[in-house]
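Structure file target-v4.cif (mmCIF, C-alpha atoms and all ligand atoms) follows.
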```
data_entry
loop_
_atom_site.label_atom_id
_atom_site.label_comp_id
_atom_site.auth_asym_id
_atom_site.auth_seq_id
_atom_site.Cartn_x
_atom_site.Cartn_y
_atom_site.Cartn_z
CA MET A 1 -13.62 -50.90 17.47
CA SER A 2 -16.45 -49.98 15.09
CA SER A 3 -18.16 -52.76 13.17
CA GLU A 4 -16.52 -51.96 9.84
CA THR A 5 -13.00 -52.20 11.33
CA ALA A 6 -13.73 -55.18 13.59
CA SER A 7 -12.52 -57.67 11.00
CA LEU A 8 -9.28 -55.80 10.22
CA PRO A 9 -6.09 -56.54 12.15
CA VAL A 10 -5.30 -54.17 15.01
CA ILE A 11 -2.48 -51.78 14.15
CA ASP A 12 -0.25 -51.50 17.18
CA LEU A 13 1.92 -48.37 17.10
CA ARG A 14 2.64 -48.39 20.84
CA SER A 15 6.11 -49.86 20.47
CA ASP A 16 8.39 -51.88 18.19
CA THR A 17 8.43 -54.52 20.96
CA VAL A 18 4.95 -55.77 20.03
CA THR A 19 6.01 -57.76 16.95
CA ARG A 20 5.29 -61.51 16.75
CA PRO A 21 7.85 -63.95 15.36
CA THR A 22 7.23 -64.88 11.72
CA PRO A 23 6.89 -68.52 10.64
CA ALA A 24 10.49 -68.42 9.32
CA MET A 25 11.80 -67.12 12.65
CA LEU A 26 9.79 -69.74 14.54
CA ALA A 27 11.22 -72.44 12.28
CA ALA A 28 14.75 -71.25 13.10
CA MET A 29 13.89 -71.35 16.82
CA PHE A 30 12.47 -74.89 16.64
CA ALA A 31 15.58 -76.08 14.80
CA ALA A 32 18.07 -74.65 17.35
CA SER A 33 20.72 -76.83 19.00
CA VAL A 34 20.61 -76.08 22.70
CA GLY A 35 22.38 -76.87 25.94
CA ASP A 36 22.56 -75.48 29.47
CA ASP A 37 23.80 -71.91 29.14
CA VAL A 38 24.61 -71.59 32.85
CA TYR A 39 27.19 -74.35 32.16
CA ASP A 40 28.28 -72.44 29.00
CA GLU A 41 26.94 -75.34 26.96
CA ASP A 42 24.42 -73.72 24.65
CA PRO A 43 26.00 -73.52 21.19
CA THR A 44 23.31 -71.24 19.78
CA VAL A 45 23.62 -68.72 22.61
CA ARG A 46 27.39 -68.77 22.16
CA ARG A 47 27.05 -68.18 18.43
CA LEU A 48 24.67 -65.24 18.93
CA GLU A 49 27.01 -63.68 21.51
CA GLU A 50 30.07 -64.13 19.29
CA MET A 51 28.46 -62.86 16.11
CA THR A 52 26.99 -59.78 17.82
CA ALA A 53 30.31 -58.93 19.49
CA ALA A 54 32.21 -59.33 16.20
CA ARG A 55 29.70 -57.14 14.42
CA PHE A 56 30.39 -54.27 16.86
CA GLY A 57 34.14 -54.78 17.11
CA LEU A 58 34.05 -55.98 20.71
CA GLU A 59 35.41 -59.22 22.20
CA ALA A 60 32.50 -60.88 23.93
CA GLY A 61 28.74 -60.88 24.44
CA LEU A 62 26.21 -61.84 27.09
CA PHE A 63 22.66 -62.78 26.05
CA CYS A 64 20.04 -61.53 28.52
CA PRO A 65 16.24 -61.41 28.73
CA SER A 66 15.88 -57.62 28.43
CA GLY A 67 17.58 -54.36 27.58
CA THR A 68 16.89 -53.15 31.10
CA MET A 69 18.93 -56.07 32.40
CA THR A 70 21.85 -55.53 29.98
CA ASN A 71 21.97 -51.80 30.83
CA GLN A 72 21.73 -52.34 34.57
CA ILE A 73 24.34 -55.11 34.57
CA ALA A 74 26.73 -52.88 32.64
CA ILE A 75 26.16 -49.92 34.97
CA LYS A 76 26.75 -52.14 38.01
CA ALA A 77 29.93 -53.56 36.48
CA HIS A 78 31.31 -50.07 35.66
CA THR A 79 30.47 -48.35 38.97
CA GLU A 80 30.38 -48.77 42.75
CA PRO A 81 28.57 -46.90 45.55
CA LEU A 82 29.86 -43.31 45.96
CA SER A 83 30.43 -43.11 42.23
CA GLU A 84 28.33 -41.33 39.59
CA VAL A 85 26.88 -42.00 36.14
CA ILE A 86 26.52 -39.15 33.63
CA CYS A 87 23.47 -39.45 31.36
CA GLU A 88 20.84 -37.39 29.60
CA GLN A 89 17.89 -36.41 31.78
CA THR A 90 15.36 -38.48 29.82
CA ALA A 91 17.69 -41.46 29.27
CA HIS A 92 16.02 -44.85 29.42
CA VAL A 93 18.57 -46.04 32.02
CA TYR A 94 17.39 -43.27 34.35
CA LEU A 95 13.74 -42.66 33.48
CA TRP A 96 12.38 -46.06 32.51
CA GLU A 97 14.38 -48.62 34.43
CA VAL A 98 12.60 -48.25 37.80
CA GLY A 99 15.41 -46.31 39.44
CA GLY A 100 17.64 -49.34 38.89
CA ILE A 101 20.88 -47.34 39.08
CA ALA A 102 20.11 -46.55 42.74
CA PHE A 103 18.72 -50.01 43.43
CA HIS A 104 21.41 -52.19 41.86
CA SER A 105 24.50 -49.99 41.89
CA GLY A 106 23.98 -47.50 44.73
CA ALA A 107 25.44 -44.92 42.38
CA SER A 108 24.53 -41.27 41.91
CA VAL A 109 23.36 -39.86 38.57
CA ALA A 110 24.35 -36.56 36.91
CA LEU A 111 21.49 -35.64 34.59
CA LEU A 112 22.15 -33.40 31.60
CA PRO A 113 19.62 -31.74 29.26
CA GLY A 114 20.19 -32.98 25.72
CA ASN A 115 19.22 -31.83 22.25
CA ARG A 116 16.42 -34.34 21.68
CA GLY A 117 18.38 -36.71 23.90
CA ARG A 118 21.84 -36.07 22.49
CA LEU A 119 24.66 -34.75 24.67
CA THR A 120 27.78 -32.87 23.59
CA ALA A 121 31.37 -33.54 24.61
CA ALA A 122 31.49 -30.11 26.30
CA GLN A 123 28.44 -30.97 28.43
CA VAL A 124 29.92 -34.29 29.45
CA GLU A 125 33.29 -32.74 30.30
CA ALA A 126 31.64 -30.04 32.44
CA ALA A 127 29.72 -32.72 34.39
CA ILE A 128 32.82 -34.70 35.37
CA ARG A 129 33.41 -34.20 39.07
CA PRO A 130 36.71 -32.84 40.28
CA GLU A 131 38.45 -34.69 43.10
CA ASN A 132 36.71 -33.44 46.25
CA VAL A 133 35.58 -35.24 49.40
CA HIS A 134 32.05 -33.86 48.95
CA TYR A 135 31.51 -35.34 45.49
CA PRO A 136 30.79 -38.77 44.13
CA THR A 137 33.46 -40.05 41.73
CA THR A 138 32.44 -39.90 38.06
CA ARG A 139 32.86 -43.42 36.69
CA LEU A 140 30.63 -43.78 33.66
CA VAL A 141 29.02 -41.86 30.84
CA CYS A 142 25.99 -43.54 29.35
CA LEU A 143 24.67 -42.53 25.91
CA GLU A 144 21.53 -43.70 24.09
CA ASN A 145 21.44 -44.19 20.30
CA THR A 146 18.86 -43.86 18.90
CA HIS A 147 17.39 -41.79 21.71
CA ASN A 148 13.92 -42.98 22.60
CA ARG A 149 12.43 -39.99 24.40
CA GLY A 150 14.16 -37.65 21.93
CA GLY A 151 12.07 -39.28 19.18
CA GLY A 152 14.48 -41.83 17.69
CA THR A 153 17.33 -39.36 17.16
CA CYS A 154 20.80 -40.44 16.01
CA TYR A 155 24.24 -39.28 17.06
CA SER A 156 26.82 -38.44 14.39
CA LEU A 157 30.01 -40.49 14.59
CA GLU A 158 31.95 -37.26 15.17
CA ASP A 159 29.88 -36.38 18.26
CA LEU A 160 30.24 -39.91 19.62
CA ALA A 161 33.99 -39.81 19.05
CA ALA A 162 34.29 -36.43 20.81
CA ILE A 163 32.39 -37.67 23.88
CA SER A 164 34.32 -40.91 23.85
CA SER A 165 37.68 -39.13 23.81
CA VAL A 166 36.67 -36.82 26.69
CA ALA A 167 35.68 -39.86 28.74
CA LYS A 168 38.92 -41.64 27.89
CA ARG A 169 40.99 -38.61 28.84
CA TYR A 170 39.39 -38.62 32.31
CA GLY A 171 39.50 -42.41 32.73
CA ILE A 172 35.70 -42.74 32.66
CA ALA A 173 33.98 -45.79 31.19
CA ARG A 174 31.61 -45.42 28.20
CA HIS A 175 28.38 -47.39 27.88
CA LEU A 176 25.97 -47.25 24.97
CA ASP A 177 22.30 -48.06 25.44
CA GLY A 178 21.86 -49.32 21.90
CA ALA A 179 18.34 -50.66 22.27
CA ARG A 180 17.72 -49.25 18.78
CA ILE A 181 21.31 -49.09 17.53
CA PHE A 182 20.40 -50.86 14.29
CA ASN A 183 17.90 -48.12 13.51
CA ALA A 184 20.71 -45.58 13.96
CA LEU A 185 23.10 -47.59 11.77
CA VAL A 186 20.57 -48.01 8.97
CA ALA A 187 19.50 -44.35 9.08
CA THR A 188 23.02 -42.87 9.13
CA GLY A 189 24.97 -45.44 7.14
CA GLN A 190 27.46 -45.77 10.03
CA ARG A 191 29.38 -49.04 10.40
CA SER A 192 28.69 -51.15 13.48
CA GLU A 193 32.38 -52.20 13.55
CA ASP A 194 33.37 -48.62 14.40
CA TYR A 195 31.40 -48.68 17.64
CA GLY A 196 33.79 -50.99 19.50
CA GLN A 197 36.39 -48.17 19.55
CA LEU A 198 33.87 -45.70 20.93
CA PHE A 199 32.40 -47.70 23.82
CA ASP A 200 33.56 -50.07 26.55
CA SER A 201 30.14 -51.71 26.57
CA ILE A 202 27.09 -51.74 24.33
CA SER A 203 23.58 -53.03 24.98
CA VAL A 204 21.79 -54.21 21.82
CA CYS A 205 18.07 -55.16 21.82
CA LEU A 206 16.87 -57.90 19.49
CA SER A 207 13.24 -57.45 20.51
CA LYS A 208 12.87 -53.88 19.22
CA GLY A 209 11.99 -53.76 15.57
CA LEU A 210 14.14 -56.79 14.77
CA GLY A 211 11.18 -58.97 15.55
CA THR A 212 12.39 -61.46 18.15
CA PRO A 213 10.06 -62.37 21.01
CA VAL A 214 12.67 -61.53 23.66
CA GLY A 215 16.35 -60.82 24.17
CA SER A 216 19.19 -58.32 24.37
CA VAL A 217 22.95 -58.78 24.12
CA LEU A 218 25.50 -56.94 26.26
CA LEU A 219 28.88 -56.49 24.56
CA GLY A 220 32.33 -55.66 25.93
CA SER A 221 35.79 -57.04 26.58
CA ALA A 222 36.11 -60.68 27.61
CA ASP A 223 37.06 -59.66 31.18
CA PHE A 224 34.15 -57.25 31.42
CA ILE A 225 31.67 -59.84 30.18
CA ARG A 226 32.99 -62.42 32.70
CA LYS A 227 32.23 -59.95 35.49
CA CYS A 228 28.81 -59.20 33.95
CA LYS A 229 27.94 -62.89 33.84
CA ARG A 230 28.20 -63.08 37.64
CA ILE A 231 25.97 -60.00 37.96
CA ARG A 232 23.44 -61.53 35.56
CA LYS A 233 23.42 -64.64 37.79
CA VAL A 234 22.75 -62.69 41.00
CA MET A 235 19.87 -60.90 39.25
CA GLY A 236 18.38 -64.31 38.51
CA GLY A 237 19.18 -63.98 34.82
CA GLY A 238 21.17 -67.20 34.38
CA TRP A 239 19.07 -69.15 31.93
CA ARG A 240 19.29 -72.67 30.66
CA GLN A 241 18.29 -73.74 27.11
CA ALA A 242 18.11 -70.13 25.98
CA GLY A 243 19.33 -71.20 22.54
CA TYR A 244 15.74 -71.33 21.30
CA LEU A 245 15.57 -67.58 21.92
CA ALA A 246 19.11 -66.96 20.68
CA ALA A 247 18.15 -68.63 17.39
CA ALA A 248 15.50 -65.95 16.92
CA GLY A 249 18.21 -63.35 17.51
CA ILE A 250 20.52 -64.89 14.93
CA TYR A 251 17.66 -65.04 12.45
CA ALA A 252 16.87 -61.36 13.13
CA LEU A 253 20.48 -60.22 12.68
CA GLU A 254 20.68 -62.09 9.39
CA ASN A 255 17.31 -61.07 7.96
CA ASN A 256 15.68 -58.10 9.68
CA VAL A 257 18.25 -55.32 9.85
CA SER A 258 18.24 -53.66 6.41
CA ARG A 259 14.44 -53.69 6.28
CA LEU A 260 14.42 -51.13 9.14
CA ALA A 261 14.68 -48.58 6.30
CA ASP A 262 11.03 -49.43 5.48
CA ASP A 263 10.03 -48.51 9.04
CA HIS A 264 11.88 -45.21 8.69
CA ARG A 265 10.16 -44.44 5.39
CA ARG A 266 6.74 -45.14 6.95
CA ALA A 267 7.56 -42.99 10.00
CA ALA A 268 8.55 -40.10 7.72
CA ARG A 269 5.26 -40.50 5.82
CA LEU A 270 3.25 -40.48 9.07
CA ALA A 271 5.03 -37.30 10.15
CA ASP A 272 4.06 -35.64 6.84
CA VAL A 273 0.44 -36.66 7.27
CA LEU A 274 0.39 -35.49 10.89
CA ARG A 275 1.79 -32.06 9.96
CA GLN A 276 -1.25 -31.52 7.71
CA GLN A 277 -3.75 -32.15 10.50
CA PRO A 278 -5.27 -29.03 12.09
CA TYR A 279 -5.31 -30.67 15.53
CA VAL A 280 -1.54 -31.35 15.50
CA ALA A 281 0.54 -28.52 17.01
CA GLU A 282 4.03 -29.90 16.46
CA VAL A 283 5.79 -32.98 15.05
CA LEU A 284 9.38 -33.79 16.04
CA ALA A 285 11.08 -34.54 12.73
CA PRO A 286 11.58 -38.31 12.69
CA GLU A 287 15.08 -39.65 12.00
CA THR A 288 14.18 -43.33 12.37
CA ASN A 289 11.03 -45.24 13.38
CA LEU A 290 9.66 -43.06 16.21
CA VAL A 291 7.26 -40.20 15.58
CA ILE A 292 6.54 -37.96 18.56
CA PHE A 293 4.01 -35.19 18.17
CA ARG A 294 2.02 -32.70 20.21
CA LEU A 295 -1.71 -32.10 19.93
CA HIS A 296 -3.32 -28.70 20.31
CA ASP A 297 -4.70 -28.10 23.82
CA SER A 298 -8.26 -28.60 22.51
CA HIS A 299 -7.33 -32.27 21.80
CA PRO A 300 -6.24 -34.13 24.95
CA ALA A 301 -4.00 -37.13 24.22
CA ALA A 302 -6.36 -39.52 26.02
CA ASP A 303 -9.31 -38.56 23.76
CA PHE A 304 -7.16 -38.84 20.65
CA LEU A 305 -6.05 -42.34 21.65
CA THR A 306 -9.65 -43.39 22.26
CA THR A 307 -10.65 -42.11 18.82
CA LEU A 308 -7.85 -44.08 17.16
CA GLU A 309 -8.64 -47.16 19.21
CA ARG A 310 -12.16 -47.16 17.71
CA GLN A 311 -10.46 -47.49 14.30
CA GLY A 312 -8.37 -50.42 15.54
CA ILE A 313 -5.20 -48.36 16.00
CA ARG A 314 -3.24 -48.30 19.22
CA ALA A 315 -0.60 -45.71 20.21
CA SER A 316 0.96 -44.34 23.42
CA SER A 317 0.67 -40.98 25.12
CA PHE A 318 3.89 -39.28 26.16
CA GLY A 319 2.27 -36.61 28.33
CA PRO A 320 -1.10 -34.81 28.42
CA GLN A 321 -0.74 -33.56 24.80
CA TRP A 322 2.04 -35.74 23.43
CA ILE A 323 1.70 -38.96 21.41
CA ARG A 324 4.27 -41.46 20.14
CA PHE A 325 3.81 -43.62 17.03
CA VAL A 326 6.32 -46.43 16.43
CA THR A 327 6.62 -48.18 13.07
CA HIS A 328 7.94 -51.73 12.97
CA LEU A 329 7.99 -55.14 11.27
CA ASP A 330 4.26 -55.68 11.79
CA VAL A 331 3.14 -52.37 10.21
CA ASP A 332 2.85 -52.60 6.43
CA ASP A 333 1.80 -50.17 3.70
CA ALA A 334 -1.86 -51.27 3.80
CA MET A 335 -1.90 -50.43 7.50
CA LEU A 336 -0.19 -47.13 6.77
CA ALA A 337 -3.10 -46.24 4.47
CA ARG A 338 -5.59 -47.13 7.24
CA ILE A 339 -3.69 -44.93 9.72
CA GLU A 340 -3.68 -42.01 7.26
CA ALA A 341 -7.42 -42.34 6.74
CA ALA A 342 -8.06 -42.52 10.48
CA LEU A 343 -5.93 -39.41 11.14
CA GLY A 344 -7.90 -37.52 8.52
CA MET A 345 -11.14 -38.31 10.38
CA VAL A 346 -10.01 -37.28 13.88
CA GLY A 347 -10.96 -33.65 13.56
CA GLU A 348 -14.44 -34.40 12.20
C1 LIG A 401 13.25 -50.55 25.26
C2 LIG A 401 14.51 -49.89 25.67
C3 LIG A 401 15.40 -50.51 26.56
C4 LIG A 401 15.20 -51.86 27.18
O1 LIG A 401 13.94 -52.27 27.32
P1 LIG A 401 13.49 -53.74 27.76
O2 LIG A 401 12.03 -53.62 27.62
O3 LIG A 401 13.96 -53.92 29.16
O4 LIG A 401 14.11 -54.73 26.83
C5 LIG A 401 16.55 -49.83 26.87
N1 LIG A 401 16.83 -48.65 26.33
C6 LIG A 401 16.02 -48.03 25.47
C7 LIG A 401 16.42 -46.73 24.87
C8 LIG A 401 14.83 -48.62 25.11
O5 LIG A 401 14.02 -48.00 24.25
#
```
Would you encode the structure as structure tokens?
Ligand SMILES: *Cc1c(COP(=O)(O)O)cnc(C)c1O
Amino acid sequence: MSSETASLPVIDLRSDTVTRPTPAMLAAMFAASVGDDVYDEDPTVRRLEEMTAARFGLEAGLFCPSGTMTNQIAIKAHTEPLSEVICEQTAHVYLWEVGGIAFHSGASVALLPGNRGRLTAAQVEAAIRPENVHYPTTRLVCLENTHNRGGGTCYSLEDLAAISSVAKRYGIARHLDGARIFNALVATGQRSEDYGQLFDSISVCLSKGLGTPVGSVLLGSADFIRKCKRIRKVMGGGWRQAGYLAAAGIYALENNVSRLADDHRRAARLADVLRQQPYVAEVLAPETNLVIFRLHDSHPAADFLTTLERQGIRASSFGPQWIRFVTHLDVDDAMLARIEAALGMVGE
């Protein structure tokens, strides 16, 4: 960092996971009633699980340490070895979960190319395996909303319903990786209650943009969640007085959802500013809080990141020329102005 920016707070655009709990959230955590959740005795965990399930029109919830764990538990519960999962080729469950589908579930994966991460019902139907001794058995379709690698893109309810009905017709389970589902709901105006009809299971992250230090909730039927609880245990995810963390989740659901619109507004503004820069070749139109853009070949991503870092701004590269900016709870309008100024100086 240069001397003039050394006293300013670092602006961290690498991910919406980097947020720190606010004093109000910490106060809610300190005040939580807790018990041993492995014995089903933590009232705050139970409340978080129940309120999240009700919000999405599903019966039950399971609070877990991460979205990777909720996704991988769900996939394991829906599949068995010799079966197959259909997902988009850059889906988080496939690309960024350490090959967990092979490791935990011994299942095969059918990868489909999406439109910025989104699949169509026709694509899903064409990927369903016919009965044949040579093929794995298609058991699960896994969608991601918003889609991370696609740049925070949202599905329409119509497209979700079409995929859901294809899966139902073939007797295939439907899982939603909803790490950023609240971003999708806020951006589209869709109702969370409608999602319970569309999916057998949903993974919801509380640590992405909602500002909690840790935690995701897996949602499904009561029977499904009972099965998932055993899988969480074998993964070492049975936790004890987790109510302190669940309290942060409850606080986030009650206070930090509608403000995601501010993150979306700031992302749209950053995209506008980026489009004006001569060194930017392409900006994927943001729909939520992720801005993915490509630099001209004369500007390697690594150099660009170093230049920003000198201004106290951190971001991630998504390939040799690609960068991702993520807006979140800890990026305000004063920081936005600093980012705009820094972007204007890159070419100089
Ligand atoms: C972040 C993320 C997850 C889960 O990540 P964890 O870091 O394990 O909580 C899952 N899916 C998507 C799309 C994500 O962006």
Near-ligand residues for ligand LIG 401 (chain A), threshold 8 Å, all atoms listed in the file, as a ChimeraX atom specification: /A:17,65-69,71,91-93,96-97,144-149,177-180,203,205,207-208,214-216
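Closest approach to Phe63 in chain A among A:Phe199, A:Trp239, A:Tyr94, A:Phe103: A:Trp239, based on only C-alpha atoms.
CA of Val186 in chain A to CA of Val18 in chain A spans 20.7 Å [interatomic distance, one decimal].
Interatomic distance, CA of Asn289 in chain A against CA of Ala60 in chain A: 28.6 Å.
Closest approach to Ile11 in chain A from the set A:Met345, A:Leu48, A:Leu198, A:Val326 is made by A:Val326, with distances taken over only C-alpha atoms.
For Asp263 in chain A, the residues within 6 Å (counting all atoms listed in the file, excluding itself and residues fewer than 3 positions away along the chain) are Leu260, Arg266, Asn289, Thr327 and His328 of chain A.
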Print the selection's residues with C-alpha atoms to a file, as an mmCIF file, in the frame of the given file.
```cif
data_model
loop_
_atom_site.group_PDB
_atom_site.id
_atom_site.type_symbol
_atom_site.label_atom_id
_atom_site.label_comp_id
_atom_site.auth_asym_id
_atom_site.auth_seq_id
_atom_site.Cartn_x
_atom_site.Cartn_y
_atom_site.Cartn_z
ATOM 1 C CA LEU A 260 14.420 -51.130 9.140
ATOM 2 C CA ARG A 266 6.740 -45.140 6.950
ATOM 3 C CA ASN A 289 11.030 -45.240 13.380
ATOM 4 C CA THR A 327 6.620 -48.180 13.070
ATOM 5 C CA HIS A 328 7.940 -51.730 12.970
#
```
Dig up all the protein and nucleic acid residues within 12 Å of (32.0, -60.8, 35.5) in the file frame, using all atoms listed in the file, and format them as a PDB file with C-alpha atoms, in the coordinates of the input.
```pdb
ATOM      1  CA  ALA A  60      32.500 -60.880  23.930  1.00  0.00           C
ATOM      2  CA  GLY A  61      28.740 -60.880  24.440  1.00  0.00           C
ATOM      3  CA  LEU A  62      26.210 -61.840  27.090  1.00  0.00           C
ATOM      4  CA  ILE A  73      24.340 -55.110  34.570  1.00  0.00           C
ATOM      5  CA  ALA A  74      26.730 -52.880  32.640  1.00  0.00           C
ATOM      6  CA  LYS A  76      26.750 -52.140  38.010  1.00  0.00           C
ATOM      7  CA  ALA A  77      29.930 -53.560  36.480  1.00  0.00           C
ATOM      8  CA  HIS A  78      31.310 -50.070  35.660  1.00  0.00           C
ATOM      9  CA  LEU A 218      25.500 -56.940  26.260  1.00  0.00           C
ATOM     10  CA  GLY A 220      32.330 -55.660  25.930  1.00  0.00           C
ATOM     11  CA  SER A 221      35.790 -57.040  26.580  1.00  0.00           C
ATOM     12  CA  ALA A 222      36.110 -60.680  27.610  1.00  0.00           C
ATOM     13  CA  ASP A 223      37.060 -59.660  31.180  1.00  0.00           C
ATOM     14  CA  PHE A 224      34.150 -57.250  31.420  1.00  0.00           C
ATOM     15  CA  ILE A 225      31.670 -59.840  30.180  1.00  0.00           C
ATOM     16  CA  ARG A 226      32.990 -62.420  32.700  1.00  0.00           C
ATOM     17  CA  LYS A 227      32.230 -59.950  35.490  1.00  0.00           C
ATOM     18  CA  CYS A 228      28.810 -59.200  33.950  1.00  0.00           C
ATOM     19  CA  LYS A 229      27.940 -62.890  33.840  1.00  0.00           C
ATOM     20  CA  ARG A 230      28.200 -63.080  37.640  1.00  0.00           C
ATOM     21  CA  ILE A 231      25.970 -60.000  37.960  1.00  0.00           C
ATOM     22  CA  ARG A 232      23.440 -61.530  35.560  1.00  0.00           C
ATOM     23  CA  LYS A 233      23.420 -64.640  37.790  1.00  0.00           C
ATOM     24  CA  VAL A 234      22.750 -62.690  41.000  1.00  0.00           C
TER      25      VAL A 234
END
```
Nearest to Val34 in chain A, chosen from A:Val10, A:Leu270, A:Ala246, A:Ala342, with all atoms listed in the file counted in the distances: A:Ala246
Exercise: Leu284 in chain A partners within 7 Å, all atoms listed in the file, chain neighbours under 6 positions left out, as a list of chain:residue names: A:Gly151, A:Val291, A:Ile292, A:Phe293
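Proximity ranking of A:Val346, A:Ala126, A:Ala271, A:Ala334 relative to His299 in chain A places A:Val346 first, based on only C-alpha atoms.
Of the listed residues A:Ala261, A:Leu329, A:Thr44, A:Pro286, the one whose atoms come nearest to Arg20 in chain A is A:Leu329, with distances taken using only C-alpha atoms.
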